[in-house]
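Source file model_6.txt; content: compact mmCIF, C-alpha atoms and all ligand atoms.
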```
# COMPACT_ATOMS: atom_id res chain seq x y z
CA MET A 282 -0.20 21.67 -75.13
CA GLU A 283 1.99 19.19 -73.28
CA LYS A 284 3.59 20.52 -70.08
CA VAL A 285 7.00 19.34 -68.98
CA ARG A 286 8.93 19.58 -65.74
CA PHE A 287 11.28 22.55 -65.67
CA GLY A 288 14.18 20.97 -63.80
CA LYS A 289 14.38 21.18 -60.03
CA THR A 290 11.96 24.11 -59.95
CA GLU A 291 9.27 21.42 -60.43
CA LEU A 292 7.31 24.00 -62.43
CA MET A 293 5.28 22.44 -65.22
CA VAL A 294 5.82 24.55 -68.33
CA SER A 295 4.57 24.35 -71.89
CA ARG A 296 6.96 22.69 -74.34
CA VAL A 297 7.61 26.12 -75.84
CA ALA A 298 7.78 29.59 -74.28
CA PHE A 299 6.66 33.00 -75.55
CA GLY A 300 9.59 35.38 -75.99
CA GLY A 301 8.65 39.01 -75.32
CA ILE A 302 11.10 40.99 -77.47
CA PRO A 303 9.10 41.53 -80.70
CA ILE A 304 5.94 42.79 -78.96
CA MET A 305 7.86 46.01 -78.40
CA ARG A 306 6.93 46.75 -82.03
CA LEU A 307 3.19 46.29 -81.44
CA SER A 308 0.60 48.61 -79.96
CA LYS A 309 -0.37 47.90 -76.37
CA THR A 310 -3.77 46.53 -77.46
CA ASP A 311 -2.35 44.23 -80.15
CA ALA A 312 0.41 42.98 -77.86
CA ALA A 313 -2.02 42.20 -75.02
CA LYS A 314 -4.32 40.37 -77.49
CA LEU A 315 -1.37 38.34 -78.79
CA VAL A 316 -0.34 37.37 -75.25
CA ARG A 317 -3.91 36.25 -74.42
CA GLU A 318 -4.25 34.25 -77.65
CA THR A 319 -0.89 32.61 -76.96
CA ILE A 320 -2.07 31.53 -73.52
CA GLU A 321 -5.26 30.15 -75.11
CA LEU A 322 -3.03 27.91 -77.25
CA GLY A 323 -1.83 26.29 -74.02
CA ILE A 324 1.46 28.18 -73.73
CA ASN A 325 1.89 29.11 -70.07
CA PHE A 326 5.56 30.14 -70.08
CA ILE A 327 6.16 33.83 -70.86
CA ASP A 328 9.64 35.34 -70.89
CA THR A 329 10.60 38.98 -71.11
CA ALA A 330 13.20 41.39 -69.69
CA HIS A 331 13.40 44.66 -67.87
CA VAL A 332 15.26 46.26 -70.79
CA TYR A 333 12.76 45.31 -73.52
CA SER A 334 11.15 48.77 -73.24
CA ASP A 335 7.40 48.30 -72.63
CA SER A 336 7.31 44.50 -73.10
CA GLU A 337 6.70 43.80 -69.40
CA GLU A 338 3.86 46.29 -69.31
CA LYS A 339 2.21 44.82 -72.40
CA ILE A 340 2.51 41.32 -70.99
CA GLY A 341 1.01 42.64 -67.73
CA GLU A 342 -1.95 43.90 -69.72
CA GLY A 343 -2.28 40.58 -71.59
CA ILE A 344 -2.30 38.41 -68.47
CA ARG A 345 -4.69 40.60 -66.51
CA GLY A 346 -7.61 38.52 -65.22
CA ILE A 347 -5.83 35.19 -65.78
CA ARG A 348 -5.22 33.13 -62.65
CA ARG A 349 -1.62 33.77 -61.64
CA GLU A 350 -0.99 30.10 -60.79
CA GLU A 351 -1.73 29.12 -64.40
CA LEU A 352 1.25 31.13 -65.65
CA VAL A 353 5.00 30.83 -65.41
CA ILE A 354 6.45 34.30 -65.82
CA ALA A 355 10.12 34.95 -66.41
CA SER A 356 11.92 38.27 -66.67
CA LYS A 357 15.46 39.60 -66.34
CA SER A 358 17.45 42.39 -64.75
CA PRO A 359 20.64 43.89 -66.24
CA ALA A 360 21.75 45.16 -62.81
CA GLY A 361 25.17 44.42 -61.39
CA CYS A 362 24.66 45.73 -57.85
CA LYS A 363 22.03 45.07 -55.23
CA LYS A 364 20.49 48.54 -55.24
CA LYS A 365 19.91 48.61 -58.99
CA PHE A 366 18.67 45.02 -58.98
CA ASN A 367 16.05 45.80 -56.33
CA GLU A 368 14.88 48.84 -58.32
CA ASN A 369 14.66 46.72 -61.50
CA LEU A 370 12.77 43.92 -59.77
CA ASP A 371 10.24 46.23 -58.12
CA LEU A 372 9.60 47.92 -61.45
CA SER A 373 9.29 44.53 -63.23
CA LEU A 374 6.66 43.45 -60.66
CA LYS A 375 4.78 46.71 -61.08
CA ARG A 376 4.85 46.64 -64.88
CA LEU A 377 3.76 43.00 -64.99
CA GLY A 378 1.10 43.65 -62.34
CA VAL A 379 2.09 40.58 -60.30
CA ASP A 380 3.18 39.90 -56.71
CA TYR A 381 5.96 37.52 -57.72
CA ILE A 382 7.97 36.48 -60.77
CA ASP A 383 8.55 32.75 -61.20
CA ILE A 384 11.96 32.91 -62.85
CA TYR A 385 14.03 36.09 -62.54
CA GLN A 386 17.27 36.07 -64.49
CA LEU A 387 20.45 38.08 -64.18
CA HIS A 388 20.47 39.32 -67.77
CA ASN A 389 23.32 38.63 -70.15
CA VAL A 390 26.11 37.67 -67.77
CA GLY A 391 28.55 37.29 -70.61
CA SER A 392 31.83 38.84 -69.54
CA LYS A 393 34.20 38.21 -66.66
CA ALA A 394 33.67 41.78 -65.43
CA ARG A 395 29.88 41.36 -65.34
CA LYS A 396 30.14 37.93 -63.75
CA ASP A 397 32.46 39.29 -61.03
CA ALA A 398 30.11 42.22 -60.40
CA VAL A 399 26.98 40.09 -59.99
CA LEU A 400 28.73 37.54 -57.77
CA ALA A 401 30.54 40.12 -55.57
CA PRO A 402 29.31 40.81 -52.02
CA GLY A 403 26.53 43.37 -52.43
CA GLY A 404 26.09 42.23 -56.04
CA ALA A 405 22.94 41.34 -57.95
CA SER A 406 23.11 37.61 -57.16
CA GLU A 407 22.92 38.38 -53.43
CA ALA A 408 19.88 40.58 -54.07
CA LEU A 409 18.33 37.84 -56.22
CA LEU A 410 18.59 35.31 -53.38
CA GLU A 411 17.13 37.85 -50.94
CA ALA A 412 14.24 38.41 -53.37
CA VAL A 413 13.59 34.63 -53.33
CA LYS A 414 13.47 34.70 -49.51
CA ALA A 415 11.14 37.71 -49.64
CA GLY A 416 8.79 35.82 -51.99
CA LYS A 417 9.18 38.29 -54.87
CA VAL A 418 10.97 35.69 -57.01
CA ARG A 419 10.43 31.94 -56.96
CA PHE A 420 13.56 30.72 -58.75
CA PRO A 421 16.89 32.46 -59.43
CA ALA A 422 18.32 32.17 -62.94
CA PHE A 423 20.63 33.88 -65.41
CA SER A 424 21.07 34.34 -69.14
CA SER A 425 24.38 34.41 -70.99
CA HIS A 426 25.98 34.11 -74.42
CA SER A 427 29.23 32.72 -73.05
CA ILE A 428 29.64 28.96 -72.60
CA PRO A 429 32.55 29.15 -70.08
CA ILE A 430 30.86 31.81 -67.97
CA ALA A 431 27.54 29.97 -68.06
CA MET A 432 29.31 26.76 -66.92
CA GLU A 433 30.87 28.62 -64.00
CA LEU A 434 27.58 30.19 -62.96
CA MET A 435 25.74 26.88 -63.25
CA LYS A 436 28.30 25.25 -60.95
CA SER A 437 28.02 28.10 -58.39
CA GLY A 438 24.93 26.46 -56.90
CA ILE A 439 23.09 29.80 -56.87
CA PHE A 440 20.82 29.31 -59.88
CA ASP A 441 17.95 26.96 -60.71
CA ALA A 442 17.77 27.75 -64.43
CA VAL A 443 19.92 28.93 -67.30
CA GLN A 444 19.12 30.63 -70.61
CA ILE A 445 21.64 30.50 -73.46
CA PRO A 446 21.39 30.62 -77.28
CA PHE A 447 20.67 27.24 -78.80
CA ASN A 448 19.62 26.40 -82.34
CA TYR A 449 20.96 24.20 -85.15
CA ILE A 450 23.56 26.82 -86.12
CA ASP A 451 24.49 28.13 -82.69
CA CYS A 452 24.74 24.71 -81.10
CA ASP A 453 27.78 24.98 -78.80
CA ALA A 454 25.54 24.44 -75.74
CA GLU A 455 25.01 20.86 -76.91
CA ASN A 456 28.39 19.57 -75.74
CA GLU A 457 28.65 20.80 -72.17
CA ILE A 458 25.81 23.09 -71.10
CA ILE A 459 22.89 20.78 -71.87
CA PRO A 460 24.50 17.73 -70.20
CA LEU A 461 25.47 19.86 -67.18
CA ALA A 462 21.94 21.27 -66.91
CA GLY A 463 20.70 17.67 -66.89
CA GLU A 464 23.23 16.62 -64.26
CA LEU A 465 22.38 19.59 -62.01
CA ASP A 466 18.67 19.25 -62.79
CA MET A 467 18.48 22.89 -63.87
CA GLY A 468 15.82 24.33 -66.15
CA PHE A 469 17.20 25.14 -69.61
CA ILE A 470 15.70 27.89 -71.77
CA ALA A 471 16.89 27.85 -75.38
CA MET A 472 17.40 31.48 -76.39
CA LYS A 473 17.09 32.34 -80.10
CA PRO A 474 15.67 28.95 -81.20
CA MET A 475 15.24 30.49 -84.67
CA GLY A 476 18.51 32.39 -84.56
CA GLY A 477 16.85 35.60 -83.38
CA GLY A 478 14.82 35.82 -86.61
CA LEU A 479 17.64 34.77 -88.96
CA LEU A 480 16.49 31.15 -89.42
CA ASP A 481 13.13 31.21 -91.16
CA ASN A 482 12.28 27.49 -91.30
CA ALA A 483 10.28 27.00 -88.09
CA GLY A 484 9.71 23.30 -88.82
CA LEU A 485 13.41 22.58 -89.09
CA SER A 486 14.28 24.71 -86.03
CA PHE A 487 11.77 23.02 -83.76
CA ARG A 488 12.27 19.49 -85.07
CA TYR A 489 15.92 19.99 -84.15
CA LEU A 490 15.23 21.39 -80.68
CA LEU A 491 12.41 19.07 -79.66
CA ARG A 492 14.82 16.12 -79.67
CA TYR A 493 16.01 17.46 -76.32
CA GLU A 494 13.41 16.63 -73.72
CA ASN A 495 14.72 19.03 -71.10
CA ILE A 496 14.98 22.28 -72.99
CA ILE A 497 12.32 24.92 -73.51
CA PRO A 498 12.70 26.91 -76.76
CA ASP A 499 11.93 30.60 -76.26
CA PRO A 500 11.10 32.15 -79.66
CA GLY A 501 10.39 35.87 -79.92
CA ILE A 502 6.82 36.24 -81.17
CA GLU A 503 5.25 39.13 -83.07
CA THR A 504 2.13 37.61 -84.68
CA ILE A 505 -0.49 35.03 -83.78
CA GLU A 506 0.31 33.17 -87.03
CA GLU A 507 3.91 32.65 -85.89
CA ILE A 508 2.98 31.20 -82.53
CA ARG A 509 0.17 29.08 -84.05
CA GLU A 510 2.64 27.57 -86.52
CA ILE A 511 5.15 26.84 -83.75
CA ALA A 512 2.48 25.43 -81.42
CA GLY A 513 1.32 23.14 -84.25
CA ILE A 514 4.84 21.80 -84.79
CA VAL A 515 5.41 21.35 -81.06
CA GLU A 516 2.14 19.47 -80.61
CA LYS A 517 2.87 17.09 -83.49
CA ASN A 518 6.50 16.75 -82.34
CA PRO A 519 7.70 15.18 -85.60
CA PRO A 520 11.12 13.49 -85.66
CA LEU A 521 14.14 15.04 -87.33
CA THR A 522 14.55 13.33 -90.71
CA SER A 523 17.68 12.50 -92.70
CA GLU A 524 16.61 15.24 -95.15
CA ASP A 525 16.55 17.68 -92.22
CA LEU A 526 20.06 16.66 -91.22
CA LYS A 527 21.29 17.29 -94.77
CA GLU A 528 19.59 20.70 -94.78
CA ILE A 529 21.16 21.57 -91.41
CA GLU A 530 24.61 20.65 -92.72
CA LYS A 531 24.01 22.84 -95.77
CA LEU A 532 22.85 25.80 -93.65
CA ARG A 533 25.71 25.37 -91.20
CA ALA A 534 28.14 25.60 -94.11
CA GLU A 535 26.33 28.71 -95.41
CA PHE A 536 25.99 30.55 -92.10
CA GLY A 537 29.29 29.32 -90.67
CA HIS A 538 31.20 32.13 -92.40
CA SER A 539 29.14 34.89 -90.87
CA TRP A 540 27.52 33.64 -87.63
CA CYS A 541 28.93 35.36 -84.57
CA HIS A 542 28.63 33.28 -81.40
CA ARG A 543 29.23 36.33 -79.18
CA CYS A 544 32.03 34.59 -77.33
CA ASP A 545 34.33 37.66 -77.42
CA TYR A 546 37.50 35.63 -77.97
CA CYS A 547 38.32 38.18 -80.70
CA GLN A 548 38.88 40.96 -78.13
CA PRO A 549 40.63 43.24 -77.44
CA CYS A 550 40.27 45.42 -80.53
CA PRO A 551 42.65 48.38 -80.64
CA GLN A 552 39.76 50.60 -81.77
CA GLY A 553 37.49 49.41 -78.96
CA ILE A 554 34.96 47.97 -81.44
CA ALA A 555 32.35 45.78 -79.74
CA ILE A 556 32.52 43.16 -82.50
CA SER A 557 30.05 40.77 -80.84
CA ALA A 558 27.47 43.56 -80.61
CA VAL A 559 27.79 44.61 -84.25
CA LEU A 560 27.98 41.26 -86.07
CA PRO A 561 24.64 39.81 -84.83
CA MET A 562 22.92 43.17 -85.20
CA GLU A 563 20.62 42.10 -88.06
CA SER A 564 18.64 40.00 -85.60
CA MET A 565 18.22 43.01 -83.33
CA VAL A 566 17.09 45.23 -86.21
CA LYS A 567 14.49 42.61 -87.15
CA ARG A 568 13.05 42.19 -83.65
CA PHE A 569 13.38 45.54 -81.88
CA THR A 570 11.91 48.93 -82.76
CA PRO A 571 14.34 51.12 -84.79
CA GLU A 572 14.63 53.49 -81.80
CA ARG A 573 15.42 50.67 -79.38
CA ALA A 574 17.91 49.06 -81.80
CA ALA A 575 19.60 52.45 -82.27
CA ALA A 576 19.83 52.96 -78.51
CA MET A 577 21.24 49.49 -77.94
CA VAL A 578 23.66 49.01 -80.81
CA GLY A 579 23.96 52.41 -82.56
CA PRO A 580 27.12 53.55 -80.72
CA ALA A 581 28.80 50.20 -81.45
CA VAL A 582 27.96 50.53 -85.14
CA GLU A 583 29.46 54.03 -85.21
CA LYS A 584 32.65 52.65 -83.64
CA ALA A 585 32.70 49.83 -86.22
CA ARG A 586 33.18 52.47 -88.94
CA THR A 587 36.66 53.08 -87.49
CA CYS A 588 37.90 49.51 -88.11
CA LEU A 589 41.56 49.60 -89.19
CA GLU A 590 41.35 46.19 -90.88
CA CYS A 591 44.40 45.16 -88.86
CA GLY A 592 43.11 41.57 -88.60
CA ASP A 593 44.11 41.09 -84.94
CA CYS A 594 40.59 39.97 -84.09
CA MET A 595 40.47 37.42 -86.94
CA ALA A 596 43.51 35.62 -85.62
CA ARG A 597 41.65 35.06 -82.34
CA CYS A 598 38.20 34.08 -83.66
CA PRO A 599 37.76 30.31 -83.25
CA TYR A 600 35.08 30.36 -85.96
CA HIS A 601 37.46 31.94 -88.51
CA LEU A 602 35.12 34.82 -89.27
CA VAL A 603 36.47 37.45 -91.65
CA ILE A 604 35.57 40.14 -89.15
CA PRO A 605 36.61 43.38 -90.96
CA LYS A 606 34.63 42.37 -94.07
CA LEU A 607 31.61 41.36 -91.97
CA LEU A 608 31.76 44.63 -90.04
CA LYS A 609 31.63 46.56 -93.32
CA GLU A 610 28.62 44.53 -94.46
CA ARG A 611 26.82 45.07 -91.16
CA VAL A 612 27.47 48.82 -91.25
CA ALA A 613 26.05 48.95 -94.80
CA TYR A 614 23.00 46.95 -93.63
CA TRP A 615 22.56 49.35 -90.71
CA ASP A 616 22.74 52.35 -93.01
CA SER A 617 20.09 50.85 -95.29
CA ARG A 618 17.70 50.01 -92.43
CA ILE A 619 18.26 52.46 -89.58
CA SER A 620 20.38 55.45 -90.60
CA ALA A 621 18.64 55.81 -93.98
S1 LIG B 1 40.32 44.37 -87.77
FE1 LIG B 1 39.06 46.07 -87.06
S2 LIG B 1 37.73 45.08 -85.56
FE2 LIG B 1 39.44 43.68 -85.87
S3 LIG B 1 40.90 44.20 -84.26
FE3 LIG B 1 41.47 45.38 -86.08
S4 LIG B 1 40.40 47.35 -85.83
FE4 LIG B 1 39.45 45.90 -84.40
S1 LIG B 2 33.70 37.38 -84.02
FE1 LIG B 2 34.35 35.31 -83.52
S2 LIG B 2 35.51 35.50 -81.61
FE2 LIG B 2 34.39 37.43 -81.89
S3 LIG B 2 32.53 37.14 -80.71
FE3 LIG B 2 32.04 36.54 -82.81
S4 LIG B 2 32.42 34.34 -82.91
FE4 LIG B 2 33.40 35.08 -81.03
```
Let's see the structure in the file written out as structure tokens.
Ligand code: SF4
Ligand code: SF4
Amino acid sequence: MEKVRFGKTELMVSRVAFGGIPIMRLSKTDAAKLVRETIELGINFIDTAHVYSDSEEKIGEGIRGIRREELVIASKSPAGCKKKFNENLDLSLKRLGVDYIDIYQLHNVGSKARKDAVLAPGGASEALLEAVKAGKVRFPAFSSHSIPIAMELMKSGIFDAVQIPFNYIDCDAENEIIPLAGELDMGFIAMKPMGGGLLDNAGLSFRYLLRYENIIPDPGIETIEEIREIAGIVEKNPPLTSEDLKEIEKLRAEFGHSWCHRCDYCQPCPQGIAISAVLPMESMVKRFTPERAAAMVGPAVEKARTCLECGDCMARCPYHLVIPKLLKERVAYWDSRISA
């Protein structure tokens, strides 16, 4: 598979990455086999996170015996402070069985409070830069769901790469983030290239994304068939057709009423409901184990049951989502899949 330059890191990475969320659902043996088969397809870029339960460990098993220099490994820490970050990083290294991680990301820096915490003296960003000096990390990066916060972090000069959702529905990154990444020569990882499992037409998703030379789509992979299909599309690199554009417009109209961009402009909610955690929950249910999904989003779903239908949030949502109705639908979905 073609390798492309990953911004100023000068790393040469495959045109598509392997996202390590769904392997949480596989046995250790099956996950390790999938990772090895993926690498045999020419995919050298593997992304995971400290909080994806045993994903790092399974990847560690899959890459055992493969020359370290042939791989570009990315992971993430949810820590805000230096102490926790260092604990996370050391455990990530141990689980992955490696001496260094190529791209280590501050995970989900999506709120002002989290951004302030990671950037504060003694915060995780300071620890990240120290880890680079110590040779444990090659390039500092972050992931986020918030366009304004991502822009701020990109301009801070601390990070070499950014990961943010980008697909033909969730395409806000197109206007400012992608041009800024180009200007700053930063690596760009497209999170949720298939909408976190909600967009099932891989051809359409990748034809859309491959028009951007400087972005690396990072789909979560659970089966060898999925990654073979994606690798096949990426290798052919077919152009986006006028039919595709029509289909995208149709799907945007369909999904536009229910797609939460996790921007949190709808907050605060008087009931303390984490709207942006509950609305995209279907994707989490599809990719995580039921136990992990329950641990991550269960409390937010319980809170969502207390919605007063006051509508305050709706008035603030720039995407005009009918939030109380959507919350009810998501709670019903949760009950049918997890609580049942
Ligand atoms: S409608 Fe429900 S979710 Fe929205 S602000 Fe009111 S209580 Fe919160
Ligand atoms: S409901 Fe609307 S305002 Fe709230 S996070 Fe989702 S897209 Fe943003």
Fill in: 9 Å contact set for region 418-423 of chain A, all atoms listed in the file, chain neighbours under 3 positions out, as a ChimeraX atom specification
/A:290,357,370,380-390,406,409-415,431,434-435,439-445,468
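Counting all atoms listed in the file, Gly463 (chain A) has the following residues at most 10 Å away, ignoring those fewer than 5 positions along the same chain: A:Gly288, A:Lys289, A:Ile458, A:Gly468, A:Phe469, A:Asn495, A:Ile496.
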Item to complete: All residues within 8 Å of ligand LIG 2 (chain B) are required, counting all atoms listed in the file; please report them as a ChimeraX atom specification.
Response: /A:540-548,556-557,560,594-595,597-602,604
Set out as a Markdown table a contact list for chain A and ligand LIG 1 (chain B) with a cut-off of 9 Å, giving each residue of chain A that qualifies its closest atom pair and distance in Å to one decimal, counting only C-alpha atoms and all ligand atoms, ordered by chain and rising residue number.
```
| residue | atom | partner | partner_atom | distance |
| --- | --- | --- | --- | --- |
| A:Cys547 | CA | B:LIG1 | S3 | 7.5 |
| A:Gln548 | CA | B:LIG1 | S3 | 7.2 |
| A:Pro549 | CA | B:LIG1 | S3 | 6.9 |
| A:Cys550 | CA | B:LIG1 | S3 | 4.0 |
| A:Pro551 | CA | B:LIG1 | FE4 | 5.5 |
| A:Gln552 | CA | B:LIG1 | S4 | 5.2 |
| A:Gly553 | CA | B:LIG1 | FE4 | 6.8 |
| A:Ile554 | CA | B:LIG1 | S2 | 5.7 |
| A:Ala555 | CA | B:LIG1 | S2 | 8.0 |
| A:Ile556 | CA | B:LIG1 | S2 | 6.3 |
| A:Ala585 | CA | B:LIG1 | S2 | 6.9 |
| A:Arg586 | CA | B:LIG1 | FE1 | 8.9 |
| A:Thr587 | CA | B:LIG1 | S4 | 7.0 |
| A:Cys588 | CA | B:LIG1 | FE1 | 3.8 |
| A:Leu589 | CA | B:LIG1 | S4 | 4.2 |
| A:Glu590 | CA | B:LIG1 | S1 | 3.7 |
| A:Cys591 | CA | B:LIG1 | FE3 | 4.0 |
| A:Gly592 | CA | B:LIG1 | S1 | 4.0 |
| A:Asp593 | CA | B:LIG1 | S3 | 4.5 |
| A:Cys594 | CA | B:LIG1 | S3 | 4.2 |
| A:Met595 | CA | B:LIG1 | FE2 | 6.4 |
| A:Val603 | CA | B:LIG1 | S1 | 8.8 |
| A:Ile604 | CA | B:LIG1 | FE2 | 6.2 |
| A:Pro605 | CA | B:LIG1 | S1 | 5.0 |
| A:Lys606 | CA | B:LIG1 | S1 | 8.7 |
| A:Leu608 | CA | B:LIG1 | S2 | 7.5 |
```
Give the centre and edge lengths of an axis-aligned box, in Å to one decimal, that holds all listed atoms of region 364-374 of chain A with 3 Å on each side, as JSON.
```
{"center_x": 13.6, "center_y": 46.1, "center_z": -59.2, "size_x": 19.8, "size_y": 11.4, "size_z": 14.0}
```
Given all atoms listed in the file, how would the per-residue table for region 541-572 of chain A near region 291-308 of chain A read, listing every residue at most 12 Å away with its closest atom pair and distance in Å to one decimal, sorted by chain and number, as a Markdown table?
```
| residue | atom | partner | partner_atom | distance |
| --- | --- | --- | --- | --- |
| A:Ser564 | CA | A:Pro303 | CA | 10.8 |
| A:Met565 | CA | A:Ile302 | CA | 9.4 |
| A:Val566 | CA | A:Pro303 | CA | 10.4 |
| A:Lys567 | CA | A:Pro303 | CA | 8.5 |
| A:Arg568 | CA | A:Pro303 | CA | 5.0 |
| A:Phe569 | CA | A:Pro303 | CA | 6.0 |
| A:Thr570 | CA | A:Arg306 | CA | 5.5 |
| A:Pro571 | CA | A:Arg306 | CA | 9.0 |
| A:Glu572 | CA | A:Arg306 | CA | 10.2 |
```
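Coordinates place CA of Asp481 (chain A) at a distance of 14.5 Å from CA of Lys531 (chain A).
Of note, CA of Ile514 (chain A) and CA of Thr319 (chain A) are spaced 14.5 Å apart.
The nearest approach to Arg349 (chain A) among the residues A:Pro519, A:Gly378, A:Gly513, A:Gly361, with all atoms listed in the file taken into account, belongs to A:Gly378.
For the set A:Ala408, A:Ser334, A:Ile327, A:Ala534, the residue with the smallest atom-to-atom gap to Lys363 (chain A) is A:Ala408, counting all atoms listed in the file.
Counting from CA of Pro460 (chain A), the distance to CA of Met562 (chain A) is 29.6 Å.
Remark: for Val379 (chain A), the closest of the candidate residues A:Gly416, A:Gly403, A:Gly341, A:Pro429 is A:Gly341 (distances computed over all atoms listed in the file).
Among the candidates A:Glu503, A:Glu583, A:Glu516, A:Glu350, the one nearest to Lys314 (chain A) when counting all atoms listed in the file is A:Glu503.
Considering all atoms listed in the file, the residue among A:Ala405, A:Met472, A:Lys364, A:Glu338 positioned nearest to His426 (chain A) is A:Met472.
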